[in-house]
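Source file: start-v7.txt. Holds: compact mmCIF, C-alpha atoms.
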# COMPACT_ATOMS: atom_id res chain seq x y z
CA MET K 1 -20.74 13.56 35.10
CA ALA K 2 -21.52 17.13 33.99
CA ARG K 3 -21.40 18.16 30.36
CA TRP K 4 -18.55 20.63 30.94
CA ALA K 5 -16.50 17.89 32.58
CA TRP K 6 -16.81 15.72 29.46
CA GLY K 7 -15.83 18.77 27.40
CA ILE K 8 -12.64 19.19 29.44
CA GLY K 9 -12.05 15.44 29.10
CA VAL K 10 -12.31 15.66 25.30
CA VAL K 11 -9.87 18.60 25.13
CA ALA K 12 -7.39 16.83 27.44
CA TRP K 13 -7.71 13.62 25.42
CA MET K 14 -7.11 15.43 22.13
CA GLY K 15 -4.06 17.17 23.61
CA ALA K 16 -2.59 13.91 24.95
CA VAL K 17 -3.20 11.99 21.73
CA SER K 18 -1.80 14.84 19.57
CA ALA K 19 1.33 15.01 21.74
CA GLY K 20 1.69 11.22 21.40
CA PHE K 21 1.46 11.35 17.62
CA ALA K 22 3.85 14.30 17.47
CA SER K 23 6.46 12.28 19.38
CA VAL K 24 5.83 9.27 17.11
CA TRP K 25 6.41 11.25 13.94
CA SER K 26 9.35 13.26 15.19
CA TYR K 27 11.04 9.95 16.17
CA ALA K 28 10.20 8.38 12.81
CA SER K 29 11.60 11.38 10.96
CA ALA K 30 14.84 11.62 12.98
CA PRO K 31 17.64 10.09 10.90
CA GLY K 32 20.57 8.16 12.31
CA VAL K 33 24.17 9.27 12.02
CA GLY K 34 25.10 9.98 8.40
CA THR K 35 27.57 7.91 6.44
CA ARG K 36 31.20 9.06 6.22
CA ALA K 37 32.10 7.08 3.15
CA PRO K 38 35.56 7.32 1.55
CA ALA K 39 35.57 8.97 -1.86
CA THR K 40 37.28 5.95 -3.40
CA TRP K 41 36.91 2.24 -2.75
CA PRO K 42 39.23 1.34 0.18
CA GLU K 43 42.12 -0.83 -0.97
CA ALA K 44 42.14 -2.74 2.31
CA SER K 45 38.55 -3.85 1.96
CA ARG K 46 37.82 -7.55 1.69
CA LEU K 47 34.63 -6.71 -0.23
CA ARG K 48 34.91 -7.08 -3.98
CA LEU K 49 34.34 -4.13 -6.31
CA ALA K 50 32.58 -5.09 -9.56
CA ARG K 51 34.69 -3.97 -12.52
CA ASP K 52 31.97 -4.22 -15.17
CA ARG K 53 29.30 -2.12 -13.41
CA ALA K 54 28.59 -0.13 -10.26
CA THR K 55 28.64 -1.76 -6.82
CA LEU K 56 25.85 -1.01 -4.39
CA LEU K 57 26.66 -1.72 -0.75
CA MET K 58 24.10 -1.77 2.03
CA PHE K 59 25.26 -2.12 5.64
CA VAL K 60 22.69 -3.72 7.90
CA HIS K 61 22.41 -4.46 11.60
CA PRO K 62 21.14 -8.06 11.66
CA ARG K 63 18.39 -7.32 14.17
CA CYS K 64 17.37 -3.75 13.34
CA PRO K 65 13.59 -3.76 12.76
CA CYS K 66 13.78 -0.48 10.80
CA SER K 67 16.05 -2.14 8.23
CA ARG K 68 13.26 -4.45 7.08
CA ALA K 69 11.99 -1.45 5.10
CA SER K 70 15.50 -0.70 3.77
CA LEU K 71 15.78 -4.25 2.40
CA ALA K 72 12.28 -4.10 0.89
CA ASP K 73 13.20 -0.81 -0.80
CA LEU K 74 16.51 -2.28 -1.97
CA GLU K 75 14.62 -5.13 -3.62
CA GLY K 76 12.35 -2.61 -5.34
CA LEU K 77 15.34 -0.55 -6.45
CA LEU K 78 17.09 -3.60 -7.90
CA SER K 79 14.02 -4.64 -9.85
CA ARG K 80 13.87 -1.11 -11.31
CA THR K 81 17.54 -1.01 -12.29
CA ARG K 82 17.77 -4.63 -13.55
CA GLY K 83 21.42 -5.58 -13.16
CA LEU K 84 22.93 -2.10 -13.57
CA ALA K 85 24.58 -2.46 -10.15
CA ALA K 86 26.09 -5.39 -8.25
CA PRO K 87 24.30 -5.34 -4.86
CA VAL K 88 26.11 -6.47 -1.72
CA VAL K 89 24.28 -6.57 1.61
CA VAL K 90 26.76 -6.48 4.47
CA PHE K 91 25.51 -7.78 7.82
CA VAL K 92 27.50 -6.19 10.61
CA ARG K 93 28.13 -8.44 13.60
CA PRO K 94 29.07 -6.29 16.57
CA ARG K 95 32.17 -7.16 18.58
CA GLY K 96 31.64 -9.51 21.51
CA VAL K 97 28.62 -11.42 20.25
CA GLU K 98 28.65 -15.15 19.67
CA ALA K 99 28.89 -16.69 16.21
CA GLY K 100 25.54 -17.12 14.50
CA TRP K 101 24.09 -14.02 16.19
CA GLU K 102 23.73 -12.41 12.78
CA ARG K 103 21.58 -15.30 11.46
CA SER K 104 18.34 -13.39 11.79
CA GLU K 105 15.08 -13.19 9.86
CA LEU K 106 16.43 -9.99 8.33
CA ARG K 107 19.43 -11.86 6.95
CA ARG K 108 17.20 -14.59 5.55
CA SER K 109 15.07 -11.97 3.78
CA ALA K 110 18.24 -10.39 2.34
CA GLU K 111 19.26 -13.82 1.01
CA ARG K 112 15.95 -13.99 -0.83
CA ILE K 113 16.64 -10.77 -2.80
CA PRO K 114 17.41 -11.86 -6.38
CA GLY K 115 20.98 -11.14 -7.41
CA ALA K 116 22.11 -9.75 -4.04
CA ALA K 117 25.29 -11.05 -2.42
CA VAL K 118 25.01 -11.32 1.36
CA VAL K 119 28.21 -11.14 3.39
CA ASP K 120 29.03 -10.95 7.09
CA ASP K 121 31.20 -8.31 8.64
CA ASP K 122 32.67 -9.67 11.89
CA GLY K 123 33.23 -6.92 14.41
CA GLY K 124 32.09 -4.22 12.01
CA GLU K 125 35.49 -3.83 10.41
CA GLU K 126 34.12 -3.15 6.91
CA ALA K 127 31.45 -0.84 8.26
CA ARG K 128 34.15 1.29 9.90
CA ARG K 129 36.24 1.17 6.74
CA PHE K 130 33.33 2.45 4.66
CA GLY K 131 32.18 4.93 7.31
CA ALA K 132 28.75 3.28 7.73
CA LEU K 133 27.37 4.09 11.18
CA THR K 134 23.66 3.43 10.80
CA SER K 135 21.85 0.32 9.66
CA GLY K 136 20.46 0.75 6.15
CA ALA K 137 23.36 2.93 4.95
CA CYS K 138 23.87 2.54 1.19
CA LEU K 139 26.99 3.34 -0.80
CA LEU K 140 27.21 3.31 -4.57
CA TYR K 141 30.65 3.05 -6.17
CA ASP K 142 31.12 3.16 -9.90
CA ALA K 143 33.21 0.56 -11.76
CA GLY K 144 36.29 2.75 -11.28
CA GLY K 145 35.82 2.67 -7.48
CA ARG K 146 34.62 6.28 -7.14
CA LEU K 147 31.87 7.07 -4.66
CA ALA K 148 28.68 8.14 -6.45
CA PHE K 149 26.17 8.05 -3.62
CA SER K 150 25.98 7.57 0.13
CA GLY K 151 22.87 7.70 2.30
CA GLY K 152 19.64 5.87 3.04
CA ILE K 153 16.87 4.63 0.78
CA THR K 154 13.85 4.92 3.11
CA SER K 155 11.98 8.16 3.54
CA VAL K 156 11.35 7.72 7.28
CA ARG K 157 12.34 5.23 9.95
CA GLY K 158 11.13 1.75 9.12
CA HIS K 159 8.69 2.78 6.39
CA GLU K 160 8.77 1.39 2.89
CA GLY K 161 8.05 3.61 -0.08
CA LYS K 162 9.50 6.21 -2.35
CA SER K 163 12.52 8.17 -1.15
CA PHE K 164 15.01 10.60 -2.59
CA GLY K 165 17.84 8.17 -1.86
CA GLU K 166 16.27 5.47 -4.02
CA GLU K 167 15.40 7.94 -6.77
CA ARG K 168 18.96 9.29 -6.72
CA ILE K 169 20.51 5.81 -7.08
CA VAL K 170 18.10 4.90 -9.88
CA ALA K 171 18.92 8.19 -11.61
CA LEU K 172 22.67 7.61 -11.28
CA LEU K 173 22.42 4.08 -12.65
CA THR K 174 20.08 4.92 -15.51
CA GLY K 175 21.67 8.25 -16.36
CA VAL K 176 18.58 10.34 -15.65
CA ALA K 177 19.05 13.54 -13.64
CA ALA K 178 17.81 13.46 -10.02
CA ASP K 179 16.73 16.52 -8.08
CA ARG K 180 18.37 16.07 -4.68
CA ARG K 181 21.59 14.74 -3.19
CA ASP K 182 21.27 14.33 0.56
CA SER K 183 19.49 11.18 1.69
CA PRO K 184 19.35 10.57 5.43
CA VAL K 185 19.74 7.05 6.81
CA PHE K 186 17.05 5.67 9.14
CA GLY K 187 18.01 2.68 11.26
CA CYS K 188 19.68 1.36 14.38
CA PRO K 189 23.30 2.38 15.10
CA LEU K 190 25.71 -0.30 13.94
CA ASP K 191 28.01 0.31 16.90
CA ASP K 192 27.27 0.35 20.65
CA GLU K 193 28.29 3.98 21.08
CA PRO K 194 25.72 6.36 19.56
CA THR K 195 27.45 9.42 18.16
CA THR K 196 24.41 11.70 18.43
CA LYS K 197 21.23 11.52 20.41
CA GLU K 198 19.20 10.99 17.20
CA SER K 199 20.94 7.71 16.61
CA ALA K 200 19.40 6.03 19.66
CA PRO K 201 17.18 3.08 18.69
CA MET B 202 -64.49 17.99 20.53
CA ASN B 203 -65.61 18.48 16.90
CA SER B 204 -64.56 16.19 14.04
CA GLU B 205 -61.77 18.52 12.87
CA GLU B 206 -60.26 18.56 16.33
CA HIS B 207 -60.56 14.77 16.43
CA VAL B 208 -58.63 14.45 13.17
CA SER B 209 -55.97 16.87 14.36
CA ALA B 210 -55.58 15.04 17.70
CA ALA B 211 -55.37 11.68 15.92
CA THR B 212 -52.77 13.04 13.48
CA SER B 213 -50.56 14.44 16.22
CA ALA B 214 -50.90 11.16 18.13
CA ILE B 215 -49.71 9.28 15.02
CA VAL B 216 -46.84 11.73 14.50
CA LYS B 217 -45.76 11.31 18.11
CA ARG B 218 -45.93 7.56 17.85
CA THR B 219 -43.88 7.66 14.63
CA HIS B 220 -41.31 9.88 16.27
CA ASP B 221 -41.08 7.70 19.40
CA ARG B 222 -40.82 4.53 17.36
CA PHE B 223 -38.13 6.04 15.11
CA GLU B 224 -36.12 7.31 18.10
CA ARG B 225 -36.41 3.89 19.75
CA TYR B 226 -34.98 2.17 16.64
CA ARG B 227 -32.25 4.74 16.39
CA ARG B 228 -31.24 4.65 20.05
CA ARG B 229 -31.12 0.86 20.04
CA THR B 230 -28.86 0.89 16.95
CA VAL B 231 -26.60 3.62 18.24
CA GLU B 232 -26.15 2.01 21.66
CA SER B 233 -25.41 -1.41 20.20
CA THR B 234 -22.93 0.20 17.77
CA ASP B 235 -21.27 1.97 20.72
CA ARG B 236 -20.83 -1.39 22.44
CA LEU B 237 -19.51 -2.93 19.21
CA PHE B 238 -16.88 -0.20 18.90
CA ALA B 239 -15.90 -0.52 22.56
CA ARG B 240 -15.02 -4.17 21.93
CA LEU B 241 -13.39 -3.34 18.60
CA LEU B 242 -11.20 -0.60 20.08
CA VAL B 243 -9.92 -2.93 22.82
CA ALA B 244 -9.25 -5.64 20.19
CA GLN B 245 -7.36 -3.14 18.01
CA TRP B 246 -5.29 -2.04 20.99
CA LEU B 247 -4.27 -5.64 21.71
CA ILE B 248 -3.55 -6.26 18.01
CA GLY B 249 -1.40 -3.12 17.91
CA ILE B 250 0.65 -4.39 20.88
CA LEU B 251 0.95 -7.80 19.24
CA VAL B 252 2.13 -6.23 15.95
CA ALA B 253 4.75 -4.17 17.81
CA LEU B 254 5.97 -7.16 19.84
CA THR B 255 6.14 -9.34 16.72
CA PHE B 256 7.74 -6.98 14.21
CA SER B 257 9.77 -4.56 16.30
CA PRO B 258 10.22 -5.81 19.87
CA TYR B 259 13.66 -4.25 20.32
CA GLY B 260 15.69 -1.38 19.03
CA TRP B 261 19.41 -2.04 18.76
CA SER B 262 22.60 -0.10 19.15
CA GLY B 263 25.35 -2.51 18.19
CA ARG B 264 24.85 -5.43 20.57
CA VAL B 265 22.81 -3.46 23.08
CA LYS B 266 19.05 -3.87 22.90
CA VAL B 267 16.26 -1.78 24.36
CA VAL B 268 12.50 -2.15 24.15
CA HIS B 269 11.55 -0.62 20.81
CA GLN B 270 9.65 2.65 20.78
CA HIS B 271 6.87 0.92 18.82
CA VAL B 272 6.05 -1.25 21.86
CA TRP B 273 5.67 1.82 24.09
CA ILE B 274 3.67 3.60 21.40
CA ALA B 275 1.31 0.63 21.03
CA VAL B 276 0.77 0.33 24.78
CA LEU B 277 0.67 3.98 25.83
CA LEU B 278 -0.62 5.86 22.79
CA GLY B 279 -3.00 3.03 21.88
CA GLY B 280 -4.24 3.02 25.49
CA ALA B 281 -4.67 6.79 25.44
CA ILE B 282 -6.64 6.64 22.17
CA ILE B 283 -9.17 4.12 23.50
CA SER B 284 -9.46 5.56 27.03
CA LEU B 285 -12.02 8.33 26.37
CA PRO B 286 -14.25 6.35 23.97
CA LEU B 287 -14.44 3.49 26.50
CA ALA B 288 -15.32 5.90 29.32
CA LEU B 289 -18.01 7.50 27.15
CA VAL B 290 -19.50 4.16 26.11
CA ALA B 291 -19.68 3.18 29.79
CA ARG B 292 -21.10 6.49 31.05
CA GLN B 293 -22.81 8.13 28.07
CA PRO B 294 -24.02 5.37 25.74
CA GLY B 295 -26.02 6.51 22.74
CA LYS B 296 -25.04 10.17 23.12
CA PRO B 297 -23.80 12.11 20.05
CA LEU B 298 -20.50 12.99 21.81
CA THR B 299 -19.77 9.28 22.32
CA ARG B 300 -20.09 8.35 18.67
CA HIS B 301 -18.13 11.37 17.46
CA VAL B 302 -15.26 10.59 19.84
CA ILE B 303 -15.40 6.95 18.70
CA ALA B 304 -15.19 8.07 15.04
CA CYS B 305 -12.17 10.21 15.87
CA ALA B 306 -10.51 7.40 17.87
CA GLN B 307 -11.12 4.86 15.12
CA MET B 308 -9.34 7.05 12.56
CA LEU B 309 -6.47 7.71 14.98
CA PHE B 310 -6.15 3.95 15.38
CA SER B 311 -5.85 3.63 11.61
CA ALA B 312 -2.94 6.09 11.72
CA LEU B 313 -1.35 4.19 14.62
CA LEU B 314 -1.68 0.76 12.97
CA ILE B 315 -0.29 2.13 9.69
CA HIS B 316 2.71 3.43 11.61
CA LEU B 317 3.23 0.20 13.57
CA SER B 318 3.09 -1.88 10.38
CA GLY B 319 5.81 0.24 8.79
CA GLY B 320 3.45 2.11 6.48
CA ARG B 321 2.34 -1.04 4.70
CA ILE B 322 -0.11 -0.13 1.94
CA GLU B 323 -2.40 -2.98 3.05
CA THR B 324 -2.86 -1.38 6.49
CA HIS B 325 -4.30 1.72 4.79
CA PHE B 326 -7.40 -0.37 4.07
CA HIS B 327 -8.15 -0.05 7.79
CA VAL B 328 -9.29 3.53 7.06
CA PHE B 329 -11.89 2.39 4.55
CA GLY B 330 -12.97 -0.57 6.69
CA SER B 331 -13.49 1.88 9.55
CA PHE B 332 -15.72 4.11 7.40
CA ALA B 333 -17.85 1.08 6.59
CA LEU B 334 -18.16 0.19 10.30
CA LEU B 335 -18.92 3.78 11.30
CA ALA B 336 -21.81 3.71 8.83
CA PHE B 337 -23.52 1.34 11.33
CA TYR B 338 -24.43 4.50 13.26
CA LEU B 339 -26.55 5.70 10.32
CA ASP B 340 -25.38 9.20 11.19
CA TRP B 341 -23.70 11.11 8.38
CA THR B 342 -22.20 13.63 10.83
CA VAL B 343 -20.15 10.76 12.34
CA MET B 344 -18.72 10.05 8.89
CA LEU B 345 -17.88 13.72 8.59
CA THR B 346 -16.03 13.69 11.93
CA ALA B 347 -14.05 10.63 10.83
CA ALA B 348 -13.20 12.18 7.45
CA THR B 349 -12.17 15.45 9.13
CA THR B 350 -9.90 13.58 11.56
CA ILE B 351 -8.06 11.73 8.80
CA ALA B 352 -7.90 14.91 6.67
CA LEU B 353 -6.39 16.85 9.59
CA ASP B 354 -3.90 14.05 10.23
CA HIS B 355 -2.77 14.19 6.57
CA PHE B 356 -2.77 17.98 6.46
CA ILE B 357 -0.71 18.48 9.63
CA ARG B 358 1.71 15.66 8.82
CA GLY B 359 1.92 16.90 5.23
CA LEU B 360 3.08 20.26 6.58
CA VAL B 361 5.47 19.03 9.29
CA TRP B 362 6.57 15.54 8.14
CA PRO B 363 5.51 15.23 4.47
CA GLU B 364 7.66 12.14 3.95
CA SER B 365 5.57 10.26 6.52
CA VAL B 366 2.39 10.75 4.47
CA TYR B 367 3.54 10.54 0.88
CA GLY B 368 6.93 8.82 1.26
CA ILE B 369 8.72 11.76 -0.35
CA ILE B 370 9.65 15.18 0.94
CA ASN B 371 8.24 17.40 -1.83
CA PRO B 372 5.14 15.68 -3.16
CA GLU B 373 3.31 17.09 -6.16
CA TRP B 374 0.80 19.77 -5.10
CA TRP B 375 -2.11 17.64 -6.30
CA ARG B 376 -1.05 14.53 -4.35
CA PHE B 377 -3.49 15.24 -1.49
CA LEU B 378 -6.37 15.31 -4.04
CA GLU B 379 -5.65 11.70 -4.94
CA HIS B 380 -5.93 10.68 -1.28
CA ALA B 381 -8.96 12.91 -0.70
CA PHE B 382 -10.75 11.53 -3.77
CA TRP B 383 -10.94 7.99 -2.38
CA VAL B 384 -12.05 9.18 1.05
CA VAL B 385 -14.71 11.49 -0.44
CA LEU B 386 -15.93 8.65 -2.65
CA CYS B 387 -16.22 6.22 0.26
CA VAL B 388 -17.74 8.75 2.68
CA GLY B 389 -20.09 10.15 0.03
CA PHE B 390 -21.61 6.79 -0.80
CA THR B 391 -21.88 5.67 2.83
CA MET B 392 -23.57 8.98 3.70
CA VAL B 393 -26.12 8.44 0.91
CA SER B 394 -26.68 4.91 2.18
CA CYS B 395 -27.16 6.21 5.78
CA ARG B 396 -29.79 8.72 4.65
CA ARG B 397 -31.58 6.08 2.60
CA HIS B 398 -31.67 3.73 5.58
CA LEU B 399 -33.01 6.49 7.83
CA LYS B 400 -35.77 7.27 5.31
CA GLU B 401 -36.74 3.61 5.23
CA TRP B 402 -36.79 3.51 9.02
CA LEU B 403 -38.94 6.61 9.12
CA ALA B 404 -41.39 5.04 6.66
CA ALA B 405 -41.45 1.85 8.74
CA ALA B 406 -41.97 3.90 11.92
CA GLU B 407 -44.83 5.83 10.26
CA GLU B 408 -46.45 2.60 9.15
CA GLY B 409 -45.99 1.08 12.61
CA GLY B 410 -47.31 4.23 14.29
CA LEU B 411 -50.38 4.26 12.06
CA ILE B 412 -51.15 0.59 12.67
CA GLU B 413 -50.61 1.09 16.40
CA ALA B 414 -52.94 4.14 16.44
CA MET B 415 -55.59 2.31 14.43
CA ALA B 416 -55.39 -0.72 16.69
CA GLU B 417 -55.65 1.48 19.74
CA SER B 418 -58.60 3.45 18.36
CA GLU B 419 -60.34 0.18 17.52
CA TRP B 420 -59.62 -1.09 21.01
CA ARG B 421 -61.01 2.14 22.49
CA GLU B 422 -64.11 1.90 20.32
CA HIS B 423 -64.58 -1.70 21.42
CA SER B 424 -64.10 -0.88 25.05
CA VAL B 425 -66.63 2.00 24.83
CA LEU B 426 -69.12 -0.31 23.13
CA ASP B 427 -68.42 -3.05 25.66
CA ARG B 428 -68.93 -0.58 28.51
CA GLN B 429 -72.17 0.71 26.95
CA SER B 430 -73.43 -2.87 26.41
CA ALA B 431 -72.56 -3.70 30.00
CA ASP B 432 -74.41 -0.54 31.20
CA ILE B 433 -77.52 -1.42 29.11
CA ALA B 434 -77.44 -4.97 30.38
CA ALA B 435 -77.13 -3.75 33.95
CA SER B 436 -80.03 -1.25 33.56
CA ARG B 437 -82.25 -4.03 32.12
CA LYS B 438 -81.66 -6.17 35.13
Is it possible to give me this structure as structure tokens?
Amino acid sequence: MARWAWGIGVVAWMGAVSAGFASVWSYASAPGVGTRAPATWPEASRLRLARDRATLLMFVHPRCPCSRASLADLEGLLSRTRGLAAPVVVFVRPRGVEAGWERSELRRSAERIPGAAVVDDDGGEEARRFGALTSGACLLYDAGGRLAFSGGITSVRGHEGKSFGEERIVALLTGVAADRRDSPVFGCPLDDEPTTKESAP
Amino acid sequence: MNSEEHVSAATSAIVKRTHDRFERYRRRTVESTDRLFARLLVAQWLIGILVALTFSPYGWSGRVKVVHQHVWIAVLLGGAIISLPLALVARQPGKPLTRHVIACAQMLFSALLIHLSGGRIETHFHVFGSFALLAFYLDWTVMLTAATTIALDHFIRGLVWPESVYGIINPEWWRFLEHAFWVVLCVGFTMVSCRRHLKEWLAAAEEGGLIEAMAESEWREHSVLDRQSADIAASRK
């Protein structure tokens, strides 16, 4: 094969690989549908609001692989804030699936998080009540039931590490000022009907 | 031929021998390293697919599942990354282009595996392990290609998707220096080690070339003497 042909091959290869990586990173950086959380704790909710401290809710799709990172970051956040919030991980079981479907490895890893309460949400009733549409959505309510934060705590889809969401929650709980409010949520849609094209798994 | 010309001819013969010997060592090493990387790249591709199938086989939307993008990325992008290096190893073994493309592909595989493992800090060690393996080529320019590839990956991603590199959207301006420091340290020392190895090889090749030349000159001397003895013996008869 001639030298120029290898040269063309190298250029084509670099182009194809660059395009592949570009699609990888644009997918990883595309958040799911944002949370539409009520400003105050819904009265109808069966979830219990802690009266002595803030309550941190995380809604999780039991089989969303991206949410593994959300749970790992939640564990990190809780170890940093040491009991300043009561964490509740809500596993959303979609309508029409058999009982036990939500018993996944993800749920077992949530049960291992020290101090976290793990509850099931049959049919996604609580998720709808709290406006959580994407797996990994976090809501922080203060002891008075007022919404202090809503968003995600991973910086990209399925990747552990620092994020503005986590920093914001830590800042709110410890009383230190944080520099940014919006925190996108990265994860699988909790419901079957994606609201935007970015929310596709 | 006078004695000066004899010395000069002998010297250039030794230099040529040294050069040939050195190139033979080098070519053998480079070609075997090419073959090693061909096997390694295929193994990494299969591992990447296995990681994707184990940790993120499906993406979900409520109760609806689809094959996760990670699986497609592992199969297609991983396959694309290894395609050219494998073709070059098969058709152009030992050529500089082959090892530079391999260096580039190896670093791209680090980026891919880091992504597939969800950015696990442990997977970042693949970058440093790859530098160590690339040092098998004993070619510092290969290390430079690898370092440039990873630097470009960080630079471009830092501009377009900073959160994917540093985990946060507005990292401190000096954050890239921290990453670069470890790469420069690793590459710097392996480059020094490569040069040292090459020097040792050159010395060994020189020694070998000299011994070979001396042995040959002795053999020639002997054969001339043997021929002369045979001629004298024949004339006596």
Please identify every residue of chain K that has at least one atom no more than 7 Å from any atom of chain B, counting all atoms listed in the file, and report them as number ranges by chain. K: 13, 17, 20, 64-65, 94, 155-156, 158-164, 188-192, 200-201
Enumerate, as a ChimeraX atom specification, the protein, DNA and RNA residues whose atoms approach (34.9, 9.1, -2.2) to within 8 Å, taking into account only C-alpha atoms and the coordinate frame of the file. /K:37-41,146-148
Based on the selection just made, write C-alpha atoms of those residues as a short mmCIF file (atom, residue, chain, number, x, y, z; two decimals), in the coordinates of the input.
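Generated file (part-v9.cif):
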data_model
loop_
_atom_site.label_atom_id
_atom_site.label_comp_id
_atom_site.auth_asym_id
_atom_site.auth_seq_id
_atom_site.Cartn_x
_atom_site.Cartn_y
_atom_site.Cartn_z
CA ALA K 37 32.10 7.08 3.15
CA PRO K 38 35.56 7.32 1.55
CA ALA K 39 35.57 8.97 -1.86
CA THR K 40 37.28 5.95 -3.40
CA TRP K 41 36.91 2.24 -2.75
CA ARG K 146 34.62 6.28 -7.14
CA LEU K 147 31.87 7.07 -4.66
CA ALA K 148 28.68 8.14 -6.45
#
Interatomic distance (Å, one decimal) between atom CA of K:Gly115 and atom CA of K:Ile153: 18.2 Å
Find the spatial neighbours of B:Ile250, counting all atoms listed in the file, within a cut-off of 8 Å - ignore same-chain residues fewer than 2 positions away - and output them as a count of residues only. 9
Between B:Asp432, B:Glu419, B:Asp235, B:Glu407, which one has atoms that come closest to B:Leu334, using only C-alpha atoms?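 Closest residue, counting only C-alpha atoms: B:Asp235.
The space between atom CA of K:Pro42 and atom CA of K:Val90 spans 15.3 Å.
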